[in-house]
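Structure file final.tsv; described as TSV, C-alpha atoms.
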chain	number	residue	atom	x	y	z
L	1	MET	CA	1.16	-55.80	21.16
L	2	LEU	CA	-1.74	-53.36	21.14
L	3	SER	CA	0.35	-50.60	22.67
L	4	ILE	CA	3.02	-50.99	19.97
L	5	ALA	CA	0.37	-50.69	17.25
L	6	ALA	CA	-1.22	-47.72	19.01
L	7	ASN	CA	2.18	-46.05	19.33
L	8	ARG	CA	2.87	-46.57	15.63
L	9	ILE	CA	-0.50	-45.13	14.68
L	10	MET	CA	0.11	-42.11	16.90
L	11	MET	CA	3.60	-41.70	15.43
L	12	MET	CA	2.26	-41.88	11.86
L	13	ALA	CA	-0.53	-39.38	12.65
L	14	SER	CA	1.97	-36.99	14.21
L	15	LEU	CA	4.29	-37.32	11.23
L	16	ALA	CA	1.40	-36.68	8.82
L	17	LEU	CA	0.39	-33.56	10.75
L	18	LEU	CA	3.96	-32.33	10.87
L	19	LEU	CA	4.41	-32.83	7.12
L	20	GLY	CA	1.10	-31.08	6.45
L	21	TRP	CA	2.07	-28.06	8.55
L	22	SER	CA	5.53	-27.79	7.04
L	23	SER	CA	4.07	-28.03	3.51
L	24	ALA	CA	1.61	-25.24	4.30
L	25	ALA	CA	4.40	-23.11	5.75
L	26	MET	CA	6.57	-23.69	2.70
L	27	ALA	CA	3.66	-22.91	0.37
L	28	ALA	CA	3.14	-19.47	1.94
L	29	LYS	CA	5.24	-17.22	-0.26
L	30	PRO	CA	6.31	-13.76	0.83
L	31	GLU	CA	4.23	-11.00	-0.72
L	32	SER	CA	5.77	-9.49	-3.86
L	33	GLU	CA	6.34	-5.80	-4.40
L	34	ALA	CA	3.51	-5.57	-6.94
L	35	SER	CA	1.07	-7.40	-4.67
L	36	VAL	CA	1.71	-4.90	-1.84
L	37	VAL	CA	0.90	-2.00	-4.16
L	38	ALA	CA	-2.07	-3.83	-5.70
L	39	ARG	CA	-3.46	-4.56	-2.22
L	40	LEU	CA	-3.15	-0.86	-1.36
L	41	TYR	CA	-5.18	0.07	-4.45
L	42	LYS	CA	-7.65	-2.74	-3.79
L	43	ASP	CA	-8.26	-1.43	-0.28
L	44	PHE	CA	-8.36	2.32	-1.04
L	45	ALA	CA	-9.01	2.95	-4.76
L	46	TRP	CA	-12.69	3.44	-3.93
L	47	GLN	CA	-11.74	7.10	-3.50
L	48	ALA	CA	-11.63	7.39	-7.31
L	49	ILE	CA	-15.27	6.34	-7.69
L	50	ALA	CA	-17.00	7.46	-4.48
L	51	SER	CA	-16.74	10.21	-1.90
L	52	GLN	CA	-18.91	8.63	0.80
L	53	SER	CA	-16.51	8.13	3.66
L	54	ASP	CA	-19.50	7.30	5.89
L	55	LEU	CA	-19.99	4.13	3.79
L	56	PHE	CA	-16.42	3.34	2.73
L	57	GLY	CA	-14.37	4.65	5.66
L	58	GLU	CA	-11.66	7.25	5.94
L	59	ASN	CA	-9.46	7.83	2.92
L	60	LEU	CA	-5.93	6.48	2.85
L	61	ALA	CA	-4.24	9.67	4.07
L	62	HIS	CA	-6.33	9.64	7.26
L	63	GLN	CA	-5.86	6.03	8.32
L	64	PRO	CA	-4.37	5.16	11.71
L	65	ARG	CA	-0.66	4.43	11.82
L	66	THR	CA	-1.22	0.67	12.30
L	67	THR	CA	-3.21	0.54	9.05
L	68	LEU	CA	-0.66	2.63	7.16
L	69	GLU	CA	2.20	0.38	8.34
L	70	ARG	CA	0.57	-2.57	6.56
L	71	TYR	CA	1.63	-0.90	3.31
L	72	PHE	CA	4.20	1.80	4.10
L	73	SER	CA	7.59	1.89	5.80
L	74	PRO	CA	7.47	3.14	9.41
L	75	THR	CA	9.04	6.46	8.32
L	76	LEU	CA	6.50	7.14	5.56
L	77	ALA	CA	3.59	5.99	7.76
L	78	ALA	CA	4.70	8.38	10.53
L	79	LEU	CA	4.92	11.28	8.05
L	80	LEU	CA	1.42	10.53	6.73
L	81	VAL	CA	0.05	10.47	10.30
L	82	ARG	CA	1.82	13.76	11.04
L	83	ASP	CA	0.35	15.39	7.94
L	84	ALA	CA	-3.17	14.14	8.76
L	85	ALA	CA	-2.85	15.60	12.29
L	86	CYS	CA	-1.70	18.90	10.79
L	87	GLN	CA	-4.73	18.94	8.48
L	88	VAL	CA	-7.05	18.42	11.45
L	89	ARG	CA	-5.32	21.15	13.50
L	90	SER	CA	-5.24	23.71	10.71
L	91	GLN	CA	-8.53	22.58	9.12
L	92	GLY	CA	-6.85	22.79	5.75
L	93	VAL	CA	-4.08	21.49	3.53
L	94	CYS	CA	-0.65	20.95	5.05
L	95	HIS	CA	1.87	19.09	2.86
L	96	LEU	CA	-0.32	16.59	1.06
L	97	GLU	CA	-2.49	18.09	-1.65
L	98	GLY	CA	-4.75	15.61	-3.34
L	99	ASP	CA	-5.00	11.86	-3.36
L	100	LEU	CA	-1.63	10.15	-3.00
L	101	LEU	CA	-2.72	7.07	-4.98
L	102	PHE	CA	-3.79	9.04	-8.03
L	103	ASP	CA	-1.81	12.32	-7.82
L	104	SER	CA	-5.04	14.24	-8.20
L	105	GLN	CA	-7.45	16.37	-6.20
L	106	ASP	CA	-10.42	14.70	-7.93
L	107	PRO	CA	-9.30	11.21	-8.96
L	108	ARG	CA	-11.10	9.46	-11.81
L	109	VAL	CA	-9.40	6.43	-13.31
L	110	ILE	CA	-9.79	3.53	-15.70
L	111	ASP	CA	-7.37	0.89	-16.95
L	112	LEU	CA	-5.31	0.70	-13.75
L	113	ASP	CA	-2.20	-1.44	-14.30
L	114	VAL	CA	0.30	-2.47	-11.59
L	115	GLN	CA	3.68	-3.86	-12.71
L	116	THR	CA	6.99	-4.64	-11.03
L	117	VAL	CA	9.64	-2.91	-13.15
L	118	ALA	CA	12.73	-3.76	-11.08
L	119	SER	CA	13.53	-5.09	-7.64
L	120	GLY	CA	11.90	-2.69	-5.21
L	121	ARG	CA	10.19	-0.66	-7.96
L	122	VAL	CA	6.56	-0.88	-9.02
L	123	SER	CA	4.89	1.20	-11.71
L	124	VAL	CA	1.20	2.06	-11.62
L	125	ALA	CA	-0.35	3.38	-14.82
L	126	PHE	CA	-3.90	4.52	-15.43
L	127	LYS	CA	-6.00	6.82	-17.56
L	128	ASP	CA	-8.40	9.63	-16.67
L	129	PRO	CA	-11.68	8.69	-18.42
L	130	VAL	CA	-12.71	12.34	-18.89
L	131	THR	CA	-9.48	13.96	-20.11
L	132	ASP	CA	-7.96	10.75	-21.56
L	133	GLU	CA	-4.71	11.74	-19.77
L	134	GLN	CA	-2.32	8.86	-19.05
L	135	LYS	CA	-0.54	8.92	-15.69
L	136	ARG	CA	2.27	6.84	-14.26
L	137	ILE	CA	3.26	6.69	-10.61
L	138	ALA	CA	6.44	4.99	-9.37
L	139	PHE	CA	6.43	3.15	-6.04
L	140	HIS	CA	9.77	2.53	-4.33
L	141	LEU	CA	9.68	-0.38	-1.89
L	142	SER	CA	12.15	-1.71	0.64
L	143	GLN	CA	12.27	-4.70	2.93
L	144	VAL	CA	11.11	-4.03	6.49
L	145	GLY	CA	11.15	-7.04	8.78
L	146	GLY	CA	11.27	-9.37	5.78
L	147	LYS	CA	8.23	-7.76	4.11
L	148	TRP	CA	8.01	-5.31	1.23
L	149	LYS	CA	6.85	-1.85	2.32
L	150	ILE	CA	6.37	1.32	0.29
L	151	ALA	CA	9.24	3.67	1.19
L	152	ASP	CA	8.42	6.45	-1.28
L	153	ILE	CA	6.19	7.36	-4.21
L	154	SER	CA	7.33	9.45	-7.19
L	155	TYR	CA	4.91	11.44	-9.31
L	156	GLY	CA	5.28	12.96	-12.76
L	157	ASN	CA	7.70	12.39	-15.59
L	158	GLU	CA	10.10	15.31	-15.57
L	159	ARG	CA	10.85	16.35	-12.00
L	160	GLN	CA	9.66	13.24	-10.15
L	161	ARG	CA	8.01	14.78	-7.08
L	162	SER	CA	8.70	12.53	-4.12
L	163	LEU	CA	6.02	11.91	-1.48
L	164	LEU	CA	8.73	11.39	1.13
L	165	LYS	CA	10.31	14.79	0.32
L	166	VAL	CA	6.95	16.58	0.26
L	167	LEU	CA	5.92	15.16	3.64
L	168	SER	CA	9.37	15.78	5.16
L	169	ARG	CA	9.25	19.55	4.64
L	170	LYS	CA	9.42	21.46	7.90
L	171	ASP	CA	7.20	24.42	6.99
L	172	HIS	CA	4.07	23.13	8.81
Is it possible to give me this structure as structure tokens?
Amino acid sequence: MLSIAANRIMMMASLALLLGWSSAAMAAKPESEASVVARLYKDFAWQAIASQSDLFGENLAHQPRTTLERYFSPTLAALLVRDAACQVRSQGVCHLEGDLLFDSQDPRVIDLDVQTVASGRVSVAFKDPVTDEQKRIAFHLSQVGGKWKIADISYGNERQRSLLKVLSRKDH
């Protein structure tokens, strides 16, 4: 009789654990497009308020490939790594001029706003506190292994400079 009761208790405990794990797994939602972009800014926007890489770490453009692939598609991450290596070799600018998160050589920002505007498209808007200039940057995301990754970034209103196109140039 005791073994039947013990078996039932073990069965109930196992079922409770199984239900708890499956509920936790179901509760974990995939990261949205906007949250990927917001996480990128959360992790690297310090560049707009400080220039102390000894305290904050390397800027976004000089991160290792594994770090870049947390946010960017493998293609864009590889191009960023290639451009960083070129900058080290040449001790100067290669393709990437300025901060890719703020489209500026000397980023200063307030009122940063991240919004999903369509599936796979996120808009980031902010204002320069000195010039009062409003800027908008468009992030284009795609699914890579079931996760949203930044595949390209477009800057400006008229000619939409593309980060992917800038980094893909062969002249360096």
Handout entry: Separation of atom CA of L:Gln134 from atom CA of L:Pro107 in Å
Key =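 The value is 12.5 Å.
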Which protein, DNA or RNA residues are at most 9 Å from (5.7, 1.0, -12.1) in the file's coordinates when you count all atoms listed in the file, listed as a JSON list (two decimals) with C-alpha atoms, in the frame of the given file?
[["chain", "number", "residue", "atom", "x", "y", "z"],
["L", 34, "ALA", "CA", 3.51, -5.57, -6.94],
["L", 113, "ASP", "CA", -2.20, -1.44, -14.30],
["L", 114, "VAL", "CA", 0.30, -2.47, -11.59],
["L", 115, "GLN", "CA", 3.68, -3.86, -12.71],
["L", 116, "THR", "CA", 6.99, -4.64, -11.03],
["L", 117, "VAL", "CA", 9.64, -2.91, -13.15],
["L", 118, "ALA", "CA", 12.73, -3.76, -11.08],
["L", 121, "ARG", "CA", 10.19, -0.66, -7.96],
["L", 122, "VAL", "CA", 6.56, -0.88, -9.02],
["L", 123, "SER", "CA", 4.89, 1.20, -11.71],
["L", 124, "VAL", "CA", 1.20, 2.06, -11.62],
["L", 125, "ALA", "CA", -0.35, 3.38, -14.82],
["L", 136, "ARG", "CA", 2.27, 6.84, -14.26],
["L", 137, "ILE", "CA", 3.26, 6.69, -10.61],
["L", 138, "ALA", "CA", 6.44, 4.99, -9.37],
["L", 139, "PHE", "CA", 6.43, 3.15, -6.04],
["L", 140, "HIS", "CA", 9.77, 2.53, -4.33]]
Completion exercise
Judged by all atoms listed in the file, the minimum distance to L:Tyr71 among L:Lys42, L:Lys170, L:Arg108, L:His95 is found for L:Lys42
Exercise for the section: Could you check which of L:Cys94, L:Val36, L:Val166, L:Leu112 is closest to L:Leu141, using all atoms listed in the file? Expected result: L:Val36
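In this structure, atom CA of L:Ala151 sits 20.3 Å away from atom CA of L:Ala85.
Shortest separation to L:Ala45 among L:Leu60, L:Val81, L:Val88, L:Leu167 occurs at residue L:Leu60, atoms counted being all atoms listed in the file.
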Practice task
To one decimal in Å, tell me the separation between atom CA of L:Gln160 and atom CA of L:Glu58.
Solution key: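 Those two atoms sit 27.4 Å apart.
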So which residues are close to (-9.1, 6.5, -13.5), meaning at most 9 Å away in the file's coordinates with only C-alpha atoms counted, and can you show them as a PDB file with C-alpha atoms, in the coordinates of the input?
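For reference, out-v2.pdb as written:
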ATOM      1  CA  ALA L  48     -11.630   7.390  -7.310  1.00  0.00           C
ATOM      2  CA  ILE L  49     -15.270   6.340  -7.690  1.00  0.00           C
ATOM      3  CA  PHE L 102      -3.790   9.040  -8.030  1.00  0.00           C
ATOM      4  CA  PRO L 107      -9.300  11.210  -8.960  1.00  0.00           C
ATOM      5  CA  ARG L 108     -11.100   9.460 -11.810  1.00  0.00           C
ATOM      6  CA  VAL L 109      -9.400   6.430 -13.310  1.00  0.00           C
ATOM      7  CA  ILE L 110      -9.790   3.530 -15.700  1.00  0.00           C
ATOM      8  CA  ASP L 111      -7.370   0.890 -16.950  1.00  0.00           C
ATOM      9  CA  LEU L 112      -5.310   0.700 -13.750  1.00  0.00           C
ATOM     10  CA  PHE L 126      -3.900   4.520 -15.430  1.00  0.00           C
ATOM     11  CA  LYS L 127      -6.000   6.820 -17.560  1.00  0.00           C
ATOM     12  CA  ASP L 128      -8.400   9.630 -16.670  1.00  0.00           C
ATOM     13  CA  PRO L 129     -11.680   8.690 -18.420  1.00  0.00           C
ATOM     14  CA  VAL L 130     -12.710  12.340 -18.890  1.00  0.00           C
TER      15      VAL L 130
END
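The closest residue to L:Val144, picked from L:Thr67, L:Ser73, L:Gln47, L:Gln87 and counting only C-alpha atoms, is L:Ser73.
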Practice task
Within 8 Å of L:Asn59, counting all atoms listed in the file, which residues show up once you throw out same-chain ones fewer than 3 positions away? Write them as a ChimeraX atom specification, please.
Solution key: /L:44,47,53,62-63
